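For reference, model10.pdb is printed below; it contains PDB, C-alpha atoms and all ligand atoms.
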```
ATOM      1  CA  MET A  22      -0.820 -21.619  21.800
ATOM      2  CA  LYS A  23       0.422 -18.157  22.753
ATOM      3  CA  VAL A  24       0.839 -15.408  20.191
ATOM      4  CA  LEU A  25       2.293 -11.940  20.652
ATOM      5  CA  ILE A  26       1.658  -9.118  18.205
ATOM      6  CA  CYS A  27       3.741  -5.947  18.461
ATOM      7  CA  TYR A  28       2.739  -3.181  16.112
ATOM      8  CA  PHE A  29       3.178   0.418  15.197
ATOM      9  CA  SER A  30       0.355   2.409  13.664
ATOM     10  CA  GLY A  31       0.626   6.097  12.824
ATOM     11  CA  THR A  32      -2.998   6.882  12.104
ATOM     12  CA  GLY A  33      -4.927   3.764  13.083
ATOM     13  CA  ASN A  34      -5.081   1.613   9.929
ATOM     14  CA  THR A  35      -2.570  -0.959  11.112
ATOM     15  CA  ARG A  36      -4.074  -0.894  14.610
ATOM     16  CA  ARG A  37      -7.468  -1.758  13.116
ATOM     17  CA  VAL A  38      -5.996  -4.677  11.190
ATOM     18  CA  VAL A  39      -3.981  -5.956  14.170
ATOM     19  CA  ASN A  40      -7.001  -5.749  16.479
ATOM     20  CA  LYS A  41      -8.993  -7.812  13.997
ATOM     21  CA  TYR A  42      -6.195 -10.398  14.023
ATOM     22  CA  ALA A  43      -6.259 -10.483  17.806
ATOM     23  CA  ASP A  44     -10.057 -10.958  17.841
ATOM     24  CA  CYS A  45      -9.945 -13.716  15.231
ATOM     25  CA  LEU A  46      -7.118 -15.576  16.928
ATOM     26  CA  LYS A  47      -8.893 -15.345  20.292
ATOM     27  CA  GLN A  48     -12.004 -16.843  18.694
ATOM     28  CA  LYS A  49      -9.821 -19.751  17.638
ATOM     29  CA  GLU A  50      -8.826 -20.304  21.288
ATOM     30  CA  VAL A  51      -5.385 -18.740  20.834
ATOM     31  CA  ASP A  52      -3.960 -16.772  23.724
ATOM     32  CA  VAL A  53      -3.030 -13.381  22.239
ATOM     33  CA  ASP A  54      -1.158 -10.410  23.672
ATOM     34  CA  VAL A  55      -0.897  -7.160  21.745
ATOM     35  CA  TYR A  56       1.665  -4.439  22.411
ATOM     36  CA  LYS A  57       2.118  -1.034  20.848
ATOM     37  CA  ILE A  58       5.764  -0.698  19.862
ATOM     38  CA  GLU A  59       5.937   2.929  21.032
ATOM     39  CA  ASP A  60       4.785   1.874  24.516
ATOM     40  CA  VAL A  61       7.458  -0.770  24.718
ATOM     41  CA  LEU A  62      10.223   1.480  23.397
ATOM     42  CA  TYR A  63       9.398   4.874  24.867
ATOM     43  CA  ASN A  64       6.713   4.705  27.528
ATOM     44  CA  SER A  65       7.943   2.110  29.961
ATOM     45  CA  ASN A  66      10.973   2.065  32.192
ATOM     46  CA  GLN A  67      11.488  -1.597  31.651
ATOM     47  CA  TRP A  68      11.188  -3.888  28.672
ATOM     48  CA  PRO A  69       7.827  -5.522  29.428
ATOM     49  CA  VAL A  70       7.917  -8.247  26.816
ATOM     50  CA  ASN A  71       9.237 -11.697  27.519
ATOM     51  CA  PHE A  72       9.449 -13.156  24.031
ATOM     52  CA  ASP A  73      10.307 -16.639  25.334
ATOM     53  CA  GLU A  74       6.727 -17.039  26.544
ATOM     54  CA  TYR A  75       5.294 -16.994  23.031
ATOM     55  CA  ASP A  76       5.042 -19.633  20.320
ATOM     56  CA  MET A  77       4.774 -16.969  17.639
ATOM     57  CA  VAL A  78       5.573 -13.279  17.403
ATOM     58  CA  GLY A  79       3.853 -10.977  14.902
ATOM     59  CA  ILE A  80       5.189  -7.583  13.833
ATOM     60  CA  GLY A  81       2.678  -5.098  12.401
ATOM     61  CA  TYR A  82       3.484  -1.815  10.647
ATOM     62  CA  PRO A  83       2.393   0.602   7.909
ATOM     63  CA  VAL A  84       4.618   0.777   4.846
ATOM     64  CA  HIS A  85       6.555   4.062   4.761
ATOM     65  CA  ALA A  86       8.444   4.701   1.522
ATOM     66  CA  PHE A  87       8.564   0.974   0.737
ATOM     67  CA  ASN A  88      10.069   0.241   4.153
ATOM     68  CA  ALA A  89       9.042  -0.407   7.711
ATOM     69  CA  PRO A  90       9.069   2.776   9.839
ATOM     70  CA  SER A  91      12.318   3.292  11.740
ATOM     71  CA  ILE A  92      10.572   2.742  15.101
ATOM     72  CA  VAL A  93       9.711  -0.802  14.008
ATOM     73  CA  ILE A  94      13.264  -1.510  12.899
ATOM     74  CA  ASP A  95      14.555  -0.155  16.241
ATOM     75  CA  PHE A  96      12.115  -2.371  18.090
ATOM     76  CA  VAL A  97      13.226  -5.526  16.289
ATOM     77  CA  LYS A  98      16.860  -4.563  16.965
ATOM     78  CA  HIS A  99      15.993  -4.536  20.675
ATOM     79  CA  MET A 100      14.510  -8.037  20.591
ATOM     80  CA  SER A 101      16.667 -10.625  22.302
ATOM     81  CA  LYS A 102      18.204 -13.525  20.432
ATOM     82  CA  GLN A 103      16.399 -16.810  20.965
ATOM     83  CA  THR A 104      18.349 -19.962  21.695
ATOM     84  CA  ASN A 105      15.871 -22.178  19.801
ATOM     85  CA  GLU A 106      14.303 -21.118  16.532
ATOM     86  CA  HIS A 107      11.015 -19.286  17.067
ATOM     87  CA  LYS A 108       8.273 -18.496  14.601
ATOM     88  CA  ALA A 109       7.385 -14.981  13.501
ATOM     89  CA  PHE A 110       4.961 -13.395  11.087
ATOM     90  CA  ILE A 111       4.557  -9.954   9.548
ATOM     91  CA  ILE A 112       1.398  -7.923   9.004
ATOM     92  CA  ASN A 113       1.627  -4.725   7.013
ATOM     93  CA  THR A 114      -0.731  -2.156   5.562
ATOM     94  CA  SER A 115      -0.077   0.242   2.732
ATOM     95  CA  GLY A 116      -1.956   2.864   0.789
ATOM     96  CA  GLU A 117      -1.482   1.104  -2.526
ATOM     97  CA  PRO A 118      -1.322  -2.474  -3.690
ATOM     98  CA  LEU A 119       2.109  -2.047  -5.290
ATOM     99  CA  LYS A 120       4.376  -5.070  -5.415
ATOM    100  CA  LEU A 121       7.214  -2.689  -4.566
ATOM    101  CA  ASN A 122       5.684  -2.328  -1.081
ATOM    102  CA  ASN A 123       6.597  -5.950  -0.345
ATOM    103  CA  ILE A 124      10.272  -5.047  -0.072
ATOM    104  CA  SER A 125       9.363  -3.258   3.178
ATOM    105  CA  SER A 126       9.856  -6.497   5.086
ATOM    106  CA  ILE A 127      13.374  -7.282   3.849
ATOM    107  CA  LYS A 128      15.137  -5.503   6.716
ATOM    108  CA  ILE A 129      12.709  -6.825   9.344
ATOM    109  CA  ARG A 130      13.163 -10.403   8.099
ATOM    110  CA  LYS A 131      16.944 -10.048   8.201
ATOM    111  CA  LEU A 132      16.888  -8.690  11.760
ATOM    112  CA  LEU A 133      14.465 -11.377  12.904
ATOM    113  CA  LYS A 134      16.595 -14.104  11.336
ATOM    114  CA  LYS A 135      19.636 -12.837  13.261
ATOM    115  CA  ARG A 136      17.563 -13.220  16.420
ATOM    116  CA  ASN A 137      16.685 -16.782  15.488
ATOM    117  CA  TYR A 138      13.137 -16.153  14.275
ATOM    118  CA  GLU A 139      11.844 -17.808  11.146
ATOM    119  CA  VAL A 140       9.280 -15.606   9.390
ATOM    120  CA  THR A 141       6.708 -18.165   8.286
ATOM    121  CA  ASN A 142       4.030 -15.810   6.989
ATOM    122  CA  GLU A 143       3.577 -12.296   5.729
ATOM    123  CA  PHE A 144       0.206 -10.647   5.191
ATOM    124  CA  HIS A 145      -0.538  -7.359   3.506
ATOM    125  CA  TYR A 146      -3.708  -5.257   3.332
ATOM    126  CA  CYS A 147      -4.440  -2.112   1.413
ATOM    127  CA  MET A 148      -5.805   0.579   3.678
ATOM    128  CA  PRO A 149      -6.654   4.180   2.829
ATOM    129  CA  TYR A 150      -3.870   6.642   2.366
ATOM    130  CA  ASN A 151      -2.932   8.839   5.337
ATOM    131  CA  ILE A 152      -0.775  10.998   3.084
ATOM    132  CA  ILE A 153      -0.886  12.053  -0.589
ATOM    133  CA  PHE A 154      -4.682  12.240  -0.961
ATOM    134  CA  ARG A 155      -7.823  11.452   0.961
ATOM    135  CA  HIS A 156      -9.764   8.473  -0.254
ATOM    136  CA  THR A 157     -13.538   8.665  -0.484
ATOM    137  CA  ASP A 158     -15.531   6.991   2.282
ATOM    138  CA  LEU A 159     -16.566   4.322  -0.230
ATOM    139  CA  MET A 160     -12.952   3.441  -1.058
ATOM    140  CA  ALA A 161     -12.029   3.370   2.637
ATOM    141  CA  TYR A 162     -15.029   1.147   3.367
ATOM    142  CA  LYS A 163     -14.154  -1.222   0.515
ATOM    143  CA  MET A 164     -10.524  -1.550   1.602
ATOM    144  CA  TRP A 165     -11.438  -2.272   5.213
ATOM    145  CA  ASN A 166     -14.263  -4.594   4.190
ATOM    146  CA  TYR A 167     -11.878  -6.759   2.163
ATOM    147  CA  ALA A 168      -9.235  -6.735   4.894
ATOM    148  CA  GLU A 169     -11.810  -7.624   7.526
ATOM    149  CA  SER A 170     -13.086 -10.518   5.424
ATOM    150  CA  LEU A 171      -9.619 -11.835   4.568
ATOM    151  CA  ILE A 172      -8.151 -11.737   8.071
ATOM    152  CA  PRO A 173     -10.053 -14.794   9.421
ATOM    153  CA  MET A 174      -8.789 -16.765   6.412
ATOM    154  CA  ASP A 175      -5.265 -15.508   6.955
ATOM    155  CA  CYS A 176      -5.455 -16.454  10.638
ATOM    156  CA  ASP A 177      -6.377 -19.985   9.547
ATOM    157  CA  THR A 178      -3.362 -20.055   7.235
ATOM    158  CA  LEU A 179      -1.126 -18.791  10.030
ATOM    159  CA  LEU A 180      -2.319 -21.432  12.455
ATOM    160  CA  SER A 181      -2.230 -24.225   9.858
ATOM    161  CA  GLY A 182       1.543 -23.953   9.542
ATOM    162  CA  ASN A 183       1.342 -23.295   5.784
ATOM    163  CA  LYS A 184       4.014 -20.773   4.929
ATOM    164  CA  THR A 185       3.257 -17.687   2.819
ATOM    165  CA  LYS A 186       5.588 -15.049   1.427
ATOM    166  CA  LEU A 187       4.877 -11.925  -0.605
ATOM    167  CA  GLY A 188       6.906 -11.704  -3.811
ATOM    168  CA  TYR A 189       9.639  -9.111  -4.187
ATOM    169  CA  VAL A 190      10.422  -7.021  -7.242
ATOM    170  CA  PRO A 191      13.869  -7.553  -8.820
ATOM    171  CA  MET A 192      16.621  -5.567  -7.063
ATOM    172  CA  GLY A 193      14.363  -5.375  -4.008
ATOM    173  CA  ARG A 194      17.176  -5.328  -1.487
ATOM    174  CA  PRO A 195      19.121  -2.321  -2.874
ATOM    175  CA  LEU A 196      15.873  -0.501  -3.624
ATOM    176  CA  ALA A 197      14.652  -0.901  -0.049
ATOM    177  CA  CYS A 198      18.004   0.381   1.135
ATOM    178  CA  ILE A 199      17.785   3.471  -1.083
ATOM    179  CA  PHE A 200      14.212   4.275  -0.035
ATOM    180  CA  ARG A 201      15.241   4.056   3.607
ATOM    181  CA  VAL A 202      16.525   7.604   3.119
ATOM    182  CA  GLU A 203      12.956   8.480   4.142
ATOM    183  CA  HIS A 204      13.880   7.722   7.755
ATOM    184  CA  TRP A 205      16.421  10.517   7.642
ATOM    185  CA  GLY A 206      14.307  12.751   5.379
ATOM    186  CA  GLY A 207      11.350  12.400   7.743
ATOM    187  CA  ARG A 208      13.426  13.661  10.639
ATOM    188  CA  VAL A 209      14.665  16.638   8.626
ATOM    189  CA  ASN A 210      11.180  17.436   7.359
ATOM    190  CA  GLY A 211       9.720  16.920  10.840
ATOM    191  CA  LYS A 212      11.662  19.926  12.067
ATOM    192  CA  ARG A 213       9.831  22.028   9.472
ATOM    193  CA  TYR A 214       6.387  21.219  10.897
ATOM    194  CA  LYS A 215       4.472  24.305  12.015
ATOM    195  CA  VAL A 216       1.158  25.055  13.652
ATOM    196  CA  SER A 217      -1.191  27.492  11.949
ATOM    197  CA  GLU A 218      -3.397  30.155  13.490
ATOM    198  CA  ASN A 219      -6.212  27.540  13.624
ATOM    199  CA  CYS A 220      -4.471  25.960  16.607
ATOM    200  CA  ILE A 221      -6.433  26.138  19.871
ATOM    201  CA  LYS A 222      -3.499  24.811  21.947
ATOM    202  CA  CYS A 223      -5.421  21.726  23.048
ATOM    203  CA  GLN A 224      -1.999  19.972  23.028
ATOM    204  CA  MET A 225      -3.451  16.776  21.663
ATOM    205  CA  CYS A 226      -0.511  16.529  19.242
ATOM    206  CA  VAL A 227       1.919  16.763  22.162
ATOM    207  CA  LYS A 228       0.142  13.907  23.941
ATOM    208  CA  ILE A 229      -0.203  11.556  20.985
ATOM    209  CA  CYS A 230       3.170  11.882  19.257
ATOM    210  CA  PRO A 231       4.708   8.399  19.476
ATOM    211  CA  THR A 232       8.259   9.699  19.951
ATOM    212  CA  HIS A 233       7.343  12.665  22.203
ATOM    213  CA  ASN A 234       8.766  14.875  19.498
ATOM    214  CA  ILE A 235       6.374  17.801  20.023
ATOM    215  CA  THR A 236       6.902  20.090  22.982
ATOM    216  CA  ILE A 237       5.812  23.560  24.022
ATOM    217  CA  GLU A 238       8.483  26.070  24.957
ATOM    218  CA  ASN A 239       7.472  29.574  26.042
ATOM    219  CA  GLY A 240       4.010  28.989  24.598
ATOM    220  CA  GLU A 241       5.422  27.986  21.195
ATOM    221  CA  PHE A 242       5.170  24.528  19.645
ATOM    222  CA  LYS A 243       8.550  22.943  18.958
ATOM    223  CA  PHE A 244       8.999  20.007  16.620
ATOM    224  CA  GLY A 245      12.160  18.076  17.447
ATOM    225  CA  LYS A 246      14.411  15.821  15.416
ATOM    226  CA  ASN A 247      12.680  12.504  16.094
ATOM    227  CA  CYS A 248       9.720  12.764  13.713
ATOM    228  CA  LEU A 249       8.672   9.431  12.179
ATOM    229  CA  MET A 250       6.483  11.148   9.561
ATOM    230  CA  CYS A 251       3.713   8.864  10.825
ATOM    231  CA  MET A 252       1.175  11.685  10.298
ATOM    232  CA  ARG A 253      -0.596  11.073  13.585
ATOM    233  CA  CYS A 254      -0.412  14.688  14.775
ATOM    234  CA  ALA A 255      -1.557  16.226  11.469
ATOM    235  CA  HIS A 256      -4.149  13.528  10.727
ATOM    236  CA  LEU A 257      -5.864  13.705  14.101
ATOM    237  CA  CYS A 258      -5.669  17.462  14.712
ATOM    238  CA  SER A 259      -9.292  18.548  15.150
ATOM    239  CA  ARG A 260      -8.477  22.004  13.743
ATOM    240  CA  ASP A 261      -6.335  20.811  10.847
ATOM    241  CA  ALA A 262      -3.719  23.157  12.279
ATOM    242  CA  ILE A 263      -0.475  21.269  11.631
ATOM    243  CA  LYS A 264       1.522  22.005   8.505
ATOM    244  CA  ILE A 265       3.726  19.078   7.568
ATOM    245  CA  GLY A 266       6.702  20.868   6.001
ATOM    246  CA  TRP A 267       7.555  20.036   2.387
ATOM    247  CA  PHE A 268       4.667  17.573   2.129
ATOM    248  CA  ASN A 269       1.880  19.891   3.238
ATOM    249  CA  LYS A 270       0.062  19.557  -0.089
ATOM    250  CA  TRP A 271      -0.170  15.804   0.586
ATOM    251  CA  LYS A 272      -1.651  16.157   4.053
ATOM    252  CA  VAL A 273      -4.727  14.067   4.850
ATOM    253  CA  ASN A 274      -6.605  15.422   7.858
ATOM    254  CA  GLY A 275      -9.335  13.574   9.740
ATOM    255  CA  THR A 276      -9.897   9.907  10.437
ATOM    256  CA  TYR A 277     -11.741   7.608   8.069
ATOM    257  CA  ASN A 278     -14.938   6.158   9.494
ATOM    258  CA  PHE A 279     -14.854   2.925   7.441
ATOM    259  CA  GLN A 280     -18.667   2.720   7.388
ATOM    260  CA  LYS A 281     -20.566   2.071   4.188
ATOM    261  CA  PRO A 282     -21.500   5.571   2.985
ATOM    262  CA  THR A 283     -25.176   6.340   2.628
ATOM    263  CA  GLU A 284     -24.667   9.148   0.153
ATOM    264  CA  GLU A 285     -22.693   9.214  -3.034
ATOM    265  CA  GLU A 286     -19.495  11.239  -2.913
ATOM    266  CA  GLU A 287     -17.555  12.500  -5.894
ATOM    267  CA  ASN A 288     -14.243  10.682  -6.274
ATOM    268  CA  LYS A 289     -11.734  13.234  -7.518
ATOM    269  CA  HIS A 290      -9.245  10.455  -8.178
ATOM    270  CA  LYS A 291     -11.705   8.088  -9.849
ATOM    271  CA  ARG A 292      -9.549   7.182 -12.836
ATOM    272  CA  TYR A 293      -6.465   6.717 -10.732
ATOM    273  CA  CYS A 294      -8.312   4.600  -8.162
ATOM    274  CA  LYS A 295      -9.806   2.381 -10.868
ATOM    275  CA  LYS A 296      -6.374   1.765 -12.335
ATOM    276  CA  ALA A 297      -4.549   1.378  -9.041
ATOM    277  CA  TYR A 298      -6.986  -0.685  -6.971
ATOM    278  CA  GLU A 299      -9.226  -2.666  -9.317
ATOM    279  CA  ARG A 300      -6.827  -5.591  -9.589
ATOM    280  CA  TYR A 301      -6.311  -5.693  -5.831
ATOM    281  CA  PHE A 302     -10.056  -5.760  -5.192
ATOM    282  CA  THR A 303     -10.507  -8.504  -7.795
ATOM    283  CA  ASP A 304      -7.709 -10.517  -6.157
ATOM    284  CA  CYS A 305      -9.398 -10.095  -2.772
ATOM    285  CA  GLU A 306     -12.682 -11.330  -4.216
ATOM    286  CA  ARG A 307     -10.936 -14.289  -5.805
ATOM    287  CA  ARG A 308      -9.260 -15.185  -2.516
ATOM    288  CA  LEU A 309     -12.609 -14.926  -0.759
ATOM    289  CA  GLY A 310     -14.148 -17.280  -3.312
ATOM    290  CA  LEU A 311     -16.509 -14.610  -4.581
ATOM    291  CA  LEU A 312     -15.334 -14.822  -8.164
ATOM    292  CA  LYS A 313     -15.864 -18.480  -8.915
ATOM    293  CA  ASN A 314     -16.843 -17.860 -12.519
ATOM    294  CA  ASP A 315     -15.623 -14.284 -12.843
ATOM    295  CA  LYS A 316     -19.192 -13.118 -13.465
ATOM    296  CA  GLN A 317     -20.248 -13.264  -9.878
ATOM    297  CA  LYS A 318     -19.364  -9.940  -8.276
ATOM    298  CA  LYS A 319     -19.584  -9.014  -4.637
TER     299      LYS A 319
HETATM  300  C1  LIG A 401       5.558   8.809   5.368
HETATM  301  C2  LIG A 401       4.624   7.839   4.705
HETATM  302  C3  LIG A 401       5.090   7.050   3.674
HETATM  303  C4  LIG A 401       4.226   6.159   3.052
HETATM  304  N1  LIG A 401       4.739   5.363   2.062
HETATM  305  C5  LIG A 401       3.927   4.487   1.441
HETATM  306  C6  LIG A 401       4.446   3.644   0.422
HETATM  307  O1  LIG A 401       5.644   3.623   0.153
HETATM  308  N2  LIG A 401       3.588   2.828  -0.220
HETATM  309  C7  LIG A 401       2.245   2.805   0.078
HETATM  310  O2  LIG A 401       1.508   2.076  -0.580
HETATM  311  N3  LIG A 401       1.738   3.548   1.091
HETATM  312  C8  LIG A 401       2.538   4.390   1.772
HETATM  313  N4  LIG A 401       2.037   5.155   2.794
HETATM  314  C9  LIG A 401       0.624   4.996   3.190
HETATM  315  C10 LIG A 401       0.474   4.134   4.443
HETATM  316  O3  LIG A 401       1.293   2.987   4.367
HETATM  317  C11 LIG A 401      -0.970   3.652   4.643
HETATM  318  O4  LIG A 401      -1.889   4.683   4.584
HETATM  319  C12 LIG A 401      -1.093   2.889   5.961
HETATM  320  O5  LIG A 401      -2.259   2.114   5.955
HETATM  321  C13 LIG A 401      -1.105   3.803   7.177
HETATM  322  O6  LIG A 401      -1.211   3.008   8.332
HETATM  323  P1  LIG A 401      -1.333   3.564   9.816
HETATM  324  O7  LIG A 401      -2.661   4.296   9.883
HETATM  325  O8  LIG A 401      -1.314   2.354  10.662
HETATM  326  O9  LIG A 401      -0.185   4.482  10.029
HETATM  327  C14 LIG A 401       2.871   6.043   3.448
HETATM  328  C15 LIG A 401       2.417   6.838   4.507
HETATM  329  C16 LIG A 401       3.280   7.725   5.128
HETATM  330  C17 LIG A 401       2.758   8.560   6.254
END
```
Now, as a test, write the supplied structure out as structure tokens.
Amino acid sequence: MKVLICYFSGTGNTRRVVNKYADCLKQKEVDVDVYKIEDVLYNSNQWPVNFDEYDMVGIGYPVHAFNAPSIVIDFVKHMSKQTNEHKAFIINTSGEPLKLNNISSIKIRKLLKKRNYEVTNEFHYCMPYNIIFRHTDLMAYKMWNYAESLIPMDCDTLLSGNKTKLGYVPMGRPLACIFRVEHWGGRVNGKRYKVSENCIKCQMCVKICPTHNITIENGEFKFGKNCLMCMRCAHLCSRDAIKIGWFNKWKVNGTYNFQKPTEEEENKHKRYCKKAYERYFTDCERRLGLLKNDKQKK
């Protein structure tokens, strides 16, 4: 069996999840190819993917304003129509376990259907926020630990042919459509990005921007109109020197290390995290069979 996974990841969470999928599938003797969507769309002169070669195609993305990022939608629009029905699956990550996030796949499913793909499975994992607020190392570790443990099970489900779908909230379709204003808003806000005096002109942001939206003209950084609001530049800047326009108060700088922390760290959002994530963690434990009699905790 040959599986292709094409993904976009702004700050690495989705990449981590997709790589785990690839490893697990390879262990199950599946032939897996993984492509970064930005490489296919922007960094190659020719379309390097021959979708006909694959028995299944997976699309991976982070949820942005309850939608898939515009780069992912553009990618699916570029996919050729299959003559025979092909199988597809979706993998997404989001900062919160909100049911509303599930509407992010509506557009992708519709586009895939038009191209004669049946989406048989959809998998979602909570990963730490890359905007709004920084999670503690313990929260980041817990989220990744559950995702990492669930992925082998989800790979089994995928290969078994059992279909899975995430439930939508009522009015999901119009809501997703309304929230897609973020694609436009992100581009407008992206033009308001600025670099602060902390900048050492290492030009890392220029090199890593997925849409090549950051350039230097006459020694000044210019932010163009193709920002995806993926946060990669601001998140990875070693000097925390990028100001992200209207959302600067929500900036999260610096990668998560996903290791189990050795020291206790104060969680400034403790009450919120308890309310927002406890049910998700309990569901993960239940799925992993760790809550057989609800007293057994991980
Ligand atoms: C512009 C933007 C919008 C986001 N919108 C949502 C959202 O609607 N719901 C949510 O739970 N998380 C949201 N997030 C958080 C990301 O989905 C989450 O942190 C994800 O794991 C990031 O993945 P990545 O590192 O692969 O980019 C948003 C992040 C960004 C940057």
In Å, how far is it from atom CA of A:Lys57 to atom CA of A:Phe29?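 Spanning atom CA of A:Lys57 to atom CA of A:Phe29 is a straight-line distance of 5.9 Å.
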Neighbours of A:Phe144 within 12 Å (all atoms listed in the file; same-chain residues fewer than 5 positions away dropped), as a ChimeraX atom specification? /A:35,38-39,42,79-83,109-115,122-123,125-126,168,171-176,178-179,184-188
Shell of 12 Å around A:Gly33, all atoms listed in the file, local chain residues under 3 positions omitted, as JSON, numbers by chain: {"A": [28, 29, 30, 36, 37, 38, 39, 40, 57, 81, 82, 83, 114, 115, 148, 149, 150, 151, 165, 251, 252, 253, 254, 256, 257, 275, 276, 277, 278, 279]}
Around all listed atoms of ligand LIG 401 (chain A), padded 6 Å per side, what centre and edge lengths does the axis-aligned box have in Å to one decimal, as JSON?
```
{"center_x": 1.5, "center_y": 5.4, "center_z": 5.0, "size_x": 20.3, "size_y": 18.7, "size_z": 23.2}
```
Could you jot down the atom CA of A:Leu249 to atom CA of A:Arg208 separation for me, Å, one decimal place?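 Those two atoms sit 6.5 Å apart.
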From the set A:Lys228, A:Lys23, A:Lys270, A:His85, which residue has the shortest atom-to-atom contact distance to ligand LIG 401 (chain A), counting all atoms listed in the file? A:His85
Please write the residues picked by the PyMOL selection byres (((chain A and resi 119) around 12) and not hetatm) on this file as a PyMOL selection string. chain A and resi 84+86-87+114-118+120-125+145-147+187-190+296-298+300-301
Could the residues in this selection be written to a file with C-alpha atoms, as a short mmCIF file (atom, residue, chain, number, x, y, z; two decimals), in the frame of the given file?
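Below is the file selection22.cif, written as the result:
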```
data_model
loop_
_atom_site.label_atom_id
_atom_site.label_comp_id
_atom_site.auth_asym_id
_atom_site.auth_seq_id
_atom_site.Cartn_x
_atom_site.Cartn_y
_atom_site.Cartn_z
CA VAL A 84 4.62 0.78 4.85
CA ALA A 86 8.44 4.70 1.52
CA PHE A 87 8.56 0.97 0.74
CA THR A 114 -0.73 -2.16 5.56
CA SER A 115 -0.08 0.24 2.73
CA GLY A 116 -1.96 2.86 0.79
CA GLU A 117 -1.48 1.10 -2.53
CA PRO A 118 -1.32 -2.47 -3.69
CA LYS A 120 4.38 -5.07 -5.42
CA LEU A 121 7.21 -2.69 -4.57
CA ASN A 122 5.68 -2.33 -1.08
CA ASN A 123 6.60 -5.95 -0.34
CA ILE A 124 10.27 -5.05 -0.07
CA SER A 125 9.36 -3.26 3.18
CA HIS A 145 -0.54 -7.36 3.51
CA TYR A 146 -3.71 -5.26 3.33
CA CYS A 147 -4.44 -2.11 1.41
CA LEU A 187 4.88 -11.92 -0.60
CA GLY A 188 6.91 -11.70 -3.81
CA TYR A 189 9.64 -9.11 -4.19
CA VAL A 190 10.42 -7.02 -7.24
CA LYS A 296 -6.37 1.76 -12.34
CA ALA A 297 -4.55 1.38 -9.04
CA TYR A 298 -6.99 -0.68 -6.97
CA ARG A 300 -6.83 -5.59 -9.59
CA TYR A 301 -6.31 -5.69 -5.83
#
```
Applied to the shown file, which residues does the PyMOL selection byres (((chain A and resi 128-131) around 8) and not hetatm) return, written as a list in words? Ala89, Ile94, Val97, Ser125, Ser126, Ile127, Leu132, Leu133, Lys134, Lys135 and Val140 of chain A
For those residues, write C-alpha atoms to a file as a PDB file, keeping the file's coordinate frame.
```pdb
ATOM      1  CA  ALA A  89       9.042  -0.407   7.711  1.00  0.00           C
ATOM      2  CA  ILE A  94      13.264  -1.510  12.899  1.00  0.00           C
ATOM      3  CA  VAL A  97      13.226  -5.526  16.289  1.00  0.00           C
ATOM      4  CA  SER A 125       9.363  -3.258   3.178  1.00  0.00           C
ATOM      5  CA  SER A 126       9.856  -6.497   5.086  1.00  0.00           C
ATOM      6  CA  ILE A 127      13.374  -7.282   3.849  1.00  0.00           C
ATOM      7  CA  LEU A 132      16.888  -8.690  11.760  1.00  0.00           C
ATOM      8  CA  LEU A 133      14.465 -11.377  12.904  1.00  0.00           C
ATOM      9  CA  LYS A 134      16.595 -14.104  11.336  1.00  0.00           C
ATOM     10  CA  LYS A 135      19.636 -12.837  13.261  1.00  0.00           C
ATOM     11  CA  VAL A 140       9.280 -15.606   9.390  1.00  0.00           C
TER      12      VAL A 140
END
```
Using the partial input, fill out stretch 89-98 of chain A with N, CA and C atoms; write the result as an mmCIF file, keeping the file's coordinate frame.
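That gives us result.cif:
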```
data_model
loop_
_atom_site.group_PDB
_atom_site.id
_atom_site.type_symbol
_atom_site.label_atom_id
_atom_site.label_comp_id
_atom_site.auth_asym_id
_atom_site.auth_seq_id
_atom_site.Cartn_x
_atom_site.Cartn_y
_atom_site.Cartn_z
ATOM 1 N N ALA A 89 9.702 -0.483 6.404
ATOM 2 C CA ALA A 89 9.042 -0.407 7.711
ATOM 3 C C ALA A 89 9.495 0.895 8.365
ATOM 4 N N PRO A 90 8.632 1.549 9.148
ATOM 5 C CA PRO A 90 9.069 2.776 9.839
ATOM 6 C C PRO A 90 10.258 2.482 10.759
ATOM 7 N N SER A 91 11.079 3.511 10.972
ATOM 8 C CA SER A 91 12.318 3.292 11.740
ATOM 9 C C SER A 91 12.037 2.789 13.155
ATOM 10 N N ILE A 92 10.902 3.176 13.732
ATOM 11 C CA ILE A 92 10.572 2.742 15.101
ATOM 12 C C ILE A 92 10.407 1.210 15.152
ATOM 13 N N VAL A 93 9.938 0.651 14.054
ATOM 14 C CA VAL A 93 9.711 -0.802 14.008
ATOM 15 C C VAL A 93 11.060 -1.515 13.873
ATOM 16 N N ILE A 94 11.920 -0.934 13.056
ATOM 17 C CA ILE A 94 13.264 -1.510 12.899
ATOM 18 C C ILE A 94 14.011 -1.439 14.237
ATOM 19 N N ASP A 95 13.899 -0.300 14.926
ATOM 20 C CA ASP A 95 14.555 -0.155 16.241
ATOM 21 C C ASP A 95 14.032 -1.196 17.218
ATOM 22 N N PHE A 96 12.728 -1.403 17.171
ATOM 23 C CA PHE A 96 12.115 -2.371 18.090
ATOM 24 C C PHE A 96 12.685 -3.770 17.858
ATOM 25 N N VAL A 97 12.738 -4.164 16.583
ATOM 26 C CA VAL A 97 13.226 -5.526 16.289
ATOM 27 C C VAL A 97 14.701 -5.643 16.707
ATOM 28 N N LYS A 98 15.447 -4.545 16.541
ATOM 29 C CA LYS A 98 16.860 -4.563 16.965
ATOM 30 C C LYS A 98 16.980 -4.796 18.469
#
```
